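J.: Just target_4.txt, nothing more (compact mmCIF, C-alpha atoms):
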# COMPACT_ATOMS: atom_id res chain seq x y z
CA MET L 1 -14.80 -66.61 -0.98
CA PRO L 2 -11.84 -65.71 1.23
CA ASP L 3 -10.19 -62.32 1.16
CA SER L 4 -6.99 -62.08 -0.83
CA SER L 5 -4.07 -59.68 -0.83
CA ASP L 6 -4.14 -59.92 -4.63
CA ALA L 7 -6.48 -57.84 -6.75
CA TYR L 8 -9.06 -59.77 -8.72
CA THR L 9 -8.71 -58.80 -12.37
CA GLY L 10 -11.23 -61.13 -14.00
CA VAL L 11 -14.32 -63.10 -12.94
CA ALA L 12 -16.88 -65.16 -14.85
CA PHE L 13 -19.68 -67.69 -14.32
CA ASP L 14 -19.86 -70.72 -16.57
CA PRO L 15 -22.98 -70.89 -18.79
CA ARG L 16 -24.55 -73.67 -16.72
CA GLY L 17 -24.09 -71.83 -13.44
CA GLN L 18 -22.01 -74.60 -11.90
CA TRP L 19 -18.66 -72.85 -11.67
CA LEU L 20 -17.18 -69.42 -11.06
CA VAL L 21 -13.65 -68.60 -12.18
CA THR L 22 -11.44 -65.83 -10.81
CA ALA L 23 -8.12 -64.39 -11.98
CA SER L 24 -5.72 -62.18 -10.05
CA THR L 25 -2.63 -60.01 -10.20
CA SER L 26 -0.50 -62.81 -8.77
CA GLY L 27 -1.22 -65.08 -11.74
CA SER L 28 -3.71 -67.21 -9.82
CA VAL L 29 -6.66 -68.63 -11.77
CA ARG L 30 -9.12 -70.65 -9.68
CA LEU L 31 -12.43 -72.40 -10.07
CA TRP L 32 -15.08 -72.07 -7.34
CA ASP L 33 -18.30 -73.97 -6.79
CA ALA L 34 -20.90 -71.37 -7.77
CA ARG L 35 -23.44 -72.67 -5.23
CA THR L 36 -21.26 -73.12 -2.15
CA LEU L 37 -18.35 -70.78 -3.09
CA GLN L 38 -15.95 -73.48 -2.00
CA PRO L 39 -12.65 -73.51 -3.91
CA GLY L 40 -12.17 -75.98 -6.74
CA ALA L 41 -9.17 -76.60 -8.96
CA GLU L 42 -6.38 -74.06 -9.29
CA LEU L 43 -5.57 -73.58 -12.96
CA ARG L 44 -1.81 -73.27 -13.06
CA GLY L 45 0.62 -71.77 -15.51
CA PHE L 46 0.71 -68.00 -15.13
CA MET L 47 3.51 -66.38 -13.15
CA THR L 48 2.38 -62.76 -13.64
CA THR L 49 -0.90 -60.86 -13.80
CA VAL L 50 -3.91 -62.45 -15.49
CA ASN L 51 -6.06 -59.69 -16.99
CA ARG L 52 -9.16 -61.51 -18.26
CA VAL L 53 -10.82 -64.90 -17.98
CA THR L 54 -13.86 -66.53 -19.58
CA PHE L 55 -15.63 -69.87 -20.12
CA SER L 56 -16.40 -71.52 -23.44
CA PRO L 57 -20.11 -71.58 -24.35
CA ASP L 58 -20.41 -75.25 -23.34
CA GLY L 59 -18.67 -74.59 -20.03
CA GLN L 60 -15.94 -77.16 -20.69
CA LEU L 61 -12.99 -74.80 -21.14
CA VAL L 62 -11.52 -71.75 -19.40
CA LEU L 63 -9.55 -69.21 -21.44
CA ALA L 64 -7.38 -66.61 -19.70
CA GLY L 65 -5.05 -63.92 -20.99
CA GLY L 66 -2.32 -61.89 -19.35
CA GLY L 67 1.40 -62.00 -18.86
CA ASP L 68 3.71 -59.04 -19.15
CA LYS L 69 5.34 -57.39 -22.15
CA ALA L 70 8.21 -59.86 -21.98
CA GLU L 71 5.94 -62.93 -22.09
CA PRO L 72 2.32 -62.27 -23.11
CA LEU L 73 0.32 -65.48 -23.06
CA GLY L 74 -3.11 -66.98 -23.33
CA ARG L 75 -3.83 -70.27 -21.58
CA VAL L 76 -6.67 -72.75 -21.94
CA TRP L 77 -7.67 -75.38 -19.37
CA SER L 78 -10.17 -78.20 -19.12
CA VAL L 79 -12.80 -77.54 -16.45
CA ALA L 80 -13.32 -81.29 -15.93
CA ASN L 81 -9.77 -82.03 -14.73
CA GLY L 82 -8.00 -78.65 -14.47
CA ARG L 83 -5.37 -79.67 -17.00
CA GLU L 84 -3.85 -77.22 -19.43
CA VAL L 85 -5.13 -77.70 -22.98
CA ALA L 86 -3.18 -75.03 -24.88
CA VAL L 87 -0.78 -72.11 -24.53
CA LEU L 88 -1.45 -69.25 -26.95
CA ARG L 89 1.62 -67.36 -28.14
CA GLY L 90 2.12 -64.63 -30.73
CA HIS L 91 1.11 -61.38 -29.04
CA THR L 92 3.87 -58.84 -28.40
CA GLY L 93 2.07 -57.10 -25.53
CA GLU L 94 0.14 -58.40 -22.54
CA ILE L 95 -3.25 -59.86 -23.39
CA LEU L 96 -6.06 -57.53 -22.33
CA GLY L 97 -9.17 -59.32 -23.62
CA VAL L 98 -10.37 -62.89 -24.25
CA ARG L 99 -13.62 -64.12 -25.83
CA PHE L 100 -15.17 -67.24 -27.32
CA SER L 101 -17.47 -67.02 -30.32
CA PRO L 102 -21.12 -68.03 -29.72
CA SER L 103 -20.56 -71.51 -31.22
CA GLY L 104 -17.27 -72.01 -29.37
CA ARG L 105 -15.47 -72.83 -32.62
CA LEU L 106 -13.42 -69.62 -32.48
CA ALA L 107 -11.70 -67.59 -29.78
CA LEU L 108 -10.40 -64.03 -29.71
CA THR L 109 -7.47 -62.56 -27.78
CA THR L 110 -6.53 -58.86 -27.84
CA SER L 111 -3.36 -57.18 -26.62
CA GLY L 112 -1.34 -54.02 -26.16
CA MET L 113 1.71 -52.96 -28.09
CA GLY L 114 4.56 -54.81 -26.39
CA LEU L 115 8.14 -53.77 -25.73
CA SER L 116 8.63 -51.60 -28.82
CA THR L 117 7.06 -48.14 -28.61
CA SER L 118 6.33 -48.35 -32.34
CA ALA L 119 4.52 -51.68 -32.12
CA GLU L 120 0.77 -51.99 -32.66
CA GLY L 121 -1.84 -53.68 -30.56
CA THR L 122 -3.04 -56.93 -32.08
CA ALA L 123 -5.95 -59.33 -32.03
CA PHE L 124 -5.68 -63.04 -32.80
CA ILE L 125 -8.51 -65.32 -33.94
CA TRP L 126 -7.95 -68.95 -32.86
CA ASP L 127 -9.45 -72.20 -34.14
CA THR L 128 -10.52 -73.91 -30.89
CA ALA L 129 -10.30 -77.40 -32.43
CA THR L 130 -6.53 -77.03 -32.88
CA TRP L 131 -5.74 -73.78 -31.03
CA GLN L 132 -3.85 -72.61 -34.10
CA PRO L 133 -4.23 -68.93 -35.15
CA LEU L 134 -6.53 -68.26 -38.10
CA ALA L 135 -5.77 -64.54 -38.36
CA LYS L 136 -3.78 -61.72 -36.82
CA LEU L 137 -5.66 -58.42 -36.89
CA SER L 138 -4.16 -54.96 -36.47
CA GLY L 139 -5.15 -51.43 -37.30
CA GLY L 140 -2.71 -48.80 -36.15
CA SER L 141 -3.68 -48.49 -32.49
CA ARG L 142 -1.14 -49.10 -29.73
CA GLU L 143 -3.73 -51.01 -27.69
CA PHE L 144 -6.50 -53.43 -28.58
CA ASN L 145 -8.28 -53.53 -25.24
CA ASP L 146 -11.19 -55.90 -25.86
CA GLY L 147 -13.29 -57.44 -28.57
CA ASP L 148 -16.23 -59.68 -29.37
CA PHE L 149 -17.89 -61.76 -32.09
CA SER L 150 -21.23 -61.00 -33.65
CA GLN L 151 -23.93 -63.58 -32.91
CA ASP L 152 -23.69 -65.00 -36.45
CA GLU L 153 -19.87 -65.02 -36.22
CA GLN L 154 -19.56 -63.03 -39.44
CA HIS L 155 -17.85 -60.05 -37.78
CA VAL L 156 -15.42 -59.22 -35.00
CA VAL L 157 -15.36 -55.83 -33.30
CA VAL L 158 -12.28 -54.63 -31.43
CA GLY L 159 -12.12 -51.61 -29.13
CA SER L 160 -8.79 -49.79 -29.09
CA GLY L 161 -6.87 -47.18 -27.16
CA ASP L 162 -7.14 -44.53 -29.87
CA GLY L 163 -10.87 -44.07 -29.29
CA LEU L 164 -11.92 -46.16 -32.28
CA ALA L 165 -13.72 -49.48 -32.59
CA ARG L 166 -12.72 -51.58 -35.60
CA VAL L 167 -14.98 -54.12 -37.29
CA TYR L 168 -13.46 -56.99 -39.30
CA GLY L 169 -15.37 -59.27 -41.70
CA ARG L 170 -15.50 -63.05 -41.79
CA GLU L 171 -12.99 -63.19 -44.65
CA ALA L 172 -10.28 -62.33 -42.14
CA PHE L 173 -10.81 -65.49 -40.07
CA ALA L 174 -12.75 -68.16 -41.99
CA PRO L 175 -12.13 -71.58 -40.36
CA PHE L 176 -10.00 -74.02 -42.33
CA ASP L 177 -12.80 -76.51 -42.98
CA GLU L 178 -14.85 -73.80 -44.70
CA VAL L 179 -11.92 -72.86 -46.92
CA GLN L 180 -11.11 -76.53 -47.60
CA ALA L 181 -14.69 -77.17 -48.75
CA LEU L 182 -14.52 -74.09 -50.98
CA VAL L 183 -11.27 -75.26 -52.58
CA HIS L 184 -12.79 -78.68 -53.27
CA THR L 185 -15.79 -77.20 -55.09
CA ARG L 186 -13.68 -74.58 -56.87
CA VAL L 187 -11.31 -77.06 -58.54
CA LEU L 188 -14.27 -79.03 -59.90
CA ARG L 189 -15.62 -75.94 -61.69
CA GLU L 190 -14.94 -74.94 -65.24
CA PRO L 191 -13.25 -72.50 -65.16
CA PRO L 192 -11.89 -73.03 -61.61
CA THR L 193 -12.38 -69.49 -60.30
CA LEU L 194 -13.99 -67.83 -57.30
CA THR L 195 -17.29 -66.04 -57.64
CA ALA L 196 -17.39 -62.40 -56.58
CA ALA L 197 -19.28 -63.36 -53.42
CA GLU L 198 -16.74 -66.06 -52.52
CA ARG L 199 -13.85 -63.72 -53.14
CA ALA L 200 -15.41 -61.11 -50.85
CA ARG L 201 -15.95 -63.70 -48.13
CA TYR L 202 -12.82 -65.84 -48.26
CA VAL L 203 -9.91 -63.86 -49.70
CA PRO L 204 -8.03 -62.89 -46.53
CA SER L 205 -7.93 -59.28 -45.42
CA ILE L 206 -6.69 -57.91 -42.12
CA THR L 207 -8.03 -54.42 -42.65
CA PRO L 208 -11.18 -53.38 -40.81
CA ILE L 209 -14.28 -52.99 -42.93
CA SER L 210 -15.56 -50.12 -40.78
CA LEU L 211 -14.47 -47.78 -38.01
CA PHE L 212 -16.48 -45.80 -35.53
CA ARG L 213 -15.39 -43.40 -32.85
CA LEU L 214 -16.35 -44.13 -29.27
CA GLY L 215 -17.94 -41.37 -27.23
Output the structure of this file as structure tokens.

T.:
Amino acid sequence: MPDSSDAYTGVAFDPRGQWLVTASTSGSVRLWDARTLQPGAELRGFMTTVNRVTFSPDGQLVLAGGGDKAEPLGRVWSVANGREVAVLRGHTGEILGVRFSPSGRLALTTSGMGLSTSAEGTAFIWDTATWQPLAKLSGGSREFNDGDFSQDEQHVVVGSGDGLARVYGREAFAPFDEVQALVHTRVLREPPTLTAAERARYVPSITPISLFRLG
């Protein structure tokens, strides 16, 4: 790989070992052949720093996050043709972390506080079938630096700038098809009410179910 005057801010191999992706302070996101290290497609769209980049579990998509406080963005591209699939908007501060869930059905983006000094860091959970947000998570910290899904996708953990990690339960980001199936079965019941277990799992909550201090 050639030297660059830009700083590399994110790198990742795809799960099949075919591609390497790099991101830089100039906004450049590029695919490289992982065997020959020859450059592949340039994934265009960012004009400012890209902080993090990752592949979907099937290796078909690249997700990157960055931007500045004026325009924080996530972008998704197809590896097959380099075309942009989605632009993720909603964060108020630059995106600092990006992750896919193990199944690839969900994605996570985390960000800092944005332009207002009183704003909180946020995390968004995205449905990767539509790239619509399922949940916006917050918790009082000015920065949500990174996060990840549990292997069973029942929890999300987010590390923040206040020295705490916050864990959120599945009820905060259940995919629409799960909720739709629940509604269908619920209205056929007599009486049409949620069980205690269903209420705990599917009634939305954006508050963390546990906190632990790092270090």

J.: Considering only C-alpha atoms, tabulate each residue of segment 36-123 of chain L that lies at most 9 Å from segment 141-153 of chain L along with its nearest interatomic pair and the corresponding distance in Å to one decimal; arrange the rows by chain and ascending residue number and present them as JSON lines.

T.:
{"residue": "L:Gly93", "atom": "CA", "partner": "L:Glu143", "partner_atom": "CA", "distance": 8.7}
{"residue": "L:Ile95", "atom": "CA", "partner": "L:Asn145", "partner_atom": "CA", "distance": 8.3}
{"residue": "L:Leu96", "atom": "CA", "partner": "L:Asn145", "partner_atom": "CA", "distance": 5.4}
{"residue": "L:Gly97", "atom": "CA", "partner": "L:Asp146", "partner_atom": "CA", "distance": 4.6}
{"residue": "L:Val98", "atom": "CA", "partner": "L:Asp146", "partner_atom": "CA", "distance": 7.2}
{"residue": "L:Arg99", "atom": "CA", "partner": "L:Asp148", "partner_atom": "CA", "distance": 6.2}
{"residue": "L:Phe100", "atom": "CA", "partner": "L:Phe149", "partner_atom": "CA", "distance": 7.8}
{"residue": "L:Ser101", "atom": "CA", "partner": "L:Phe149", "partner_atom": "CA", "distance": 5.6}
{"residue": "L:Pro102", "atom": "CA", "partner": "L:Gln151", "partner_atom": "CA", "distance": 6.2}
{"residue": "L:Ser103", "atom": "CA", "partner": "L:Glu153", "partner_atom": "CA", "distance": 8.2}
{"residue": "L:Leu106", "atom": "CA", "partner": "L:Glu153", "partner_atom": "CA", "distance": 8.8}
{"residue": "L:Ala107", "atom": "CA", "partner": "L:Phe149", "partner_atom": "CA", "distance": 8.8}
{"residue": "L:Leu108", "atom": "CA", "partner": "L:Asp148", "partner_atom": "CA", "distance": 7.3}
{"residue": "L:Thr109", "atom": "CA", "partner": "L:Gly147", "partner_atom": "CA", "distance": 7.8}
{"residue": "L:Thr110", "atom": "CA", "partner": "L:Phe144", "partner_atom": "CA", "distance": 5.5}
{"residue": "L:Ser111", "atom": "CA", "partner": "L:Phe144", "partner_atom": "CA", "distance": 5.3}
{"residue": "L:Gly112", "atom": "CA", "partner": "L:Glu143", "partner_atom": "CA", "distance": 4.1}
{"residue": "L:Met113", "atom": "CA", "partner": "L:Arg142", "partner_atom": "CA", "distance": 5.1}
{"residue": "L:Gly114", "atom": "CA", "partner": "L:Arg142", "partner_atom": "CA", "distance": 8.7}
{"residue": "L:Thr117", "atom": "CA", "partner": "L:Arg142", "partner_atom": "CA", "distance": 8.3}
{"residue": "L:Ser118", "atom": "CA", "partner": "L:Arg142", "partner_atom": "CA", "distance": 7.9}
{"residue": "L:Ala119", "atom": "CA", "partner": "L:Arg142", "partner_atom": "CA", "distance": 6.7}
{"residue": "L:Glu120", "atom": "CA", "partner": "L:Arg142", "partner_atom": "CA", "distance": 4.5}
{"residue": "L:Gly121", "atom": "CA", "partner": "L:Glu143", "partner_atom": "CA", "distance": 4.4}
{"residue": "L:Thr122", "atom": "CA", "partner": "L:Phe144", "partner_atom": "CA", "distance": 6.0}
{"residue": "L:Ala123", "atom": "CA", "partner": "L:Phe144", "partner_atom": "CA", "distance": 6.9}

J.: Using atom CA of Leu73 of chain L and atom CA of Thr92 of chain L as the two end points, give the distance in Å to one decimal.

T.: 9.2 Å

J.: Nearest to Pro133 of chain L among L:Pro72, L:Pro57, L:Gly90, L:Gly67, with distances taken over all atoms listed in the file: which residue is it?

T.: L:Gly90

J.: Near segment 29-34 of chain L, within 12 Å and counting all atoms listed in the file, which residues show up once chain neighbours fewer than 2 positions away are dropped, as a PyMOL selection string?

T.: chain L and resi 1-2+6-27+36-55+59+61-66+75-82+84

J.: Check the smallest atom-to-atom distance from each of L:Leu88, L:Glu94, L:Arg35, L:Gly161 to Asp127 of chain L using only C-alpha atoms, then report the winner.

T.: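 Closest to Asp127 of chain L of all the choices is L:Leu88.
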
J.: Quick one: distance from atom CA of Val87 of chain L to atom CA of Leu137 of chain L in Å, one decimal?

T.: 19.1 Å

J.: L:Gln60, L:Asp68, L:Ser160, L:Thr128: which is nearest Arg83 of chain L, counting only C-alpha atoms?

T.: L:Gln60

J.: Between atom CA of Ala165 of chain L and atom CA of Phe124 of chain L, what is the spacing in Å?

T.: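 These two atoms are separated by 15.8 Å.
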
J.: Point out the residue among L:Arg105, L:Arg89, L:Asp58, L:Arg166 with the least atom-to-atom distance to Thr130 of chain L, counting only C-alpha atoms.

T.: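 So, comparing all the options, the nearest one is L:Arg105.
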
J.: First collect every listed atom of segment 59-70 of chain L; then fit an axis-aligned box around them, widen it by 8 Å on each side, and give centre and edge lengths in Å to one decimal, as JSON.

T.:
{"center_x": -5.2, "center_y": -67.3, "center_z": -20.5, "size_x": 42.9, "size_y": 35.8, "size_z": 19.3}

J.: Where atoms are missing, can you supply N, CA and C atoms for segment 135-156 of chain L and output the lot as a CSV table (one decimal), keeping the file's coordinate frame?

T.:
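What follows is the written file part_29.csv:
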chain,number,residue,atom,x,y,z
L,135,ALA,N,-6.0,-65.9,-37.9
L,135,ALA,CA,-5.8,-64.5,-38.4
L,135,ALA,C,-5.1,-63.7,-37.3
L,136,LYS,N,-4.3,-62.7,-37.7
L,136,LYS,CA,-3.8,-61.7,-36.8
L,136,LYS,C,-4.3,-60.4,-37.3
L,137,LEU,N,-5.0,-59.7,-36.5
L,137,LEU,CA,-5.7,-58.4,-36.9
L,137,LEU,C,-4.9,-57.3,-36.3
L,138,SER,N,-4.8,-56.2,-37.0
L,138,SER,CA,-4.2,-55.0,-36.5
L,138,SER,C,-4.8,-53.8,-37.1
L,139,GLY,N,-4.5,-52.6,-36.7
L,139,GLY,CA,-5.2,-51.4,-37.3
L,139,GLY,C,-4.6,-50.1,-37.0
L,140,GLY,N,-3.4,-50.1,-36.4
L,140,GLY,CA,-2.7,-48.8,-36.2
L,140,GLY,C,-2.8,-48.3,-34.7
L,141,SER,N,-3.6,-48.9,-33.9
L,141,SER,CA,-3.7,-48.5,-32.5
L,141,SER,C,-2.6,-49.2,-31.7
L,142,ARG,N,-2.1,-48.5,-30.6
L,142,ARG,CA,-1.1,-49.1,-29.7
L,142,ARG,C,-1.8,-50.1,-28.8
L,143,GLU,N,-3.1,-50.1,-28.6
L,143,GLU,CA,-3.7,-51.0,-27.7
L,143,GLU,C,-5.0,-51.5,-28.3
L,144,PHE,N,-5.2,-52.8,-28.3
L,144,PHE,CA,-6.5,-53.4,-28.6
L,144,PHE,C,-7.0,-54.0,-27.2
L,145,ASN,N,-7.9,-53.3,-26.6
L,145,ASN,CA,-8.3,-53.5,-25.2
L,145,ASN,C,-9.3,-54.7,-25.1
L,146,ASP,N,-10.2,-54.9,-26.0
L,146,ASP,CA,-11.2,-55.9,-25.9
L,146,ASP,C,-11.8,-56.1,-27.2
L,147,GLY,N,-12.6,-57.2,-27.3
L,147,GLY,CA,-13.3,-57.4,-28.6
L,147,GLY,C,-14.4,-58.5,-28.4
L,148,ASP,N,-15.2,-58.7,-29.5
L,148,ASP,CA,-16.2,-59.7,-29.4
L,148,ASP,C,-16.7,-60.1,-30.8
L,149,PHE,N,-17.3,-61.3,-30.9
L,149,PHE,CA,-17.9,-61.8,-32.1
L,149,PHE,C,-19.3,-61.3,-32.2
L,150,SER,N,-19.8,-61.1,-33.4
L,150,SER,CA,-21.2,-61.0,-33.6
L,150,SER,C,-21.9,-62.3,-33.4
L,151,GLN,N,-23.2,-62.3,-33.2
L,151,GLN,CA,-23.9,-63.6,-32.9
L,151,GLN,C,-23.8,-64.6,-34.1
L,152,ASP,N,-23.8,-64.1,-35.3
L,152,ASP,CA,-23.7,-65.0,-36.4
L,152,ASP,C,-22.2,-65.3,-36.8
L,153,GLU,N,-21.3,-64.8,-36.1
L,153,GLU,CA,-19.9,-65.0,-36.2
L,153,GLU,C,-19.3,-64.5,-37.6
L,154,GLN,N,-20.0,-63.6,-38.2
L,154,GLN,CA,-19.6,-63.0,-39.4
L,154,GLN,C,-18.7,-61.8,-39.3
L,155,HIS,N,-18.6,-61.2,-38.0
L,155,HIS,CA,-17.8,-60.0,-37.8
L,155,HIS,C,-17.2,-60.1,-36.4
L,156,VAL,N,-16.1,-59.4,-36.3
L,156,VAL,CA,-15.4,-59.2,-35.0
L,156,VAL,C,-15.3,-57.7,-34.8
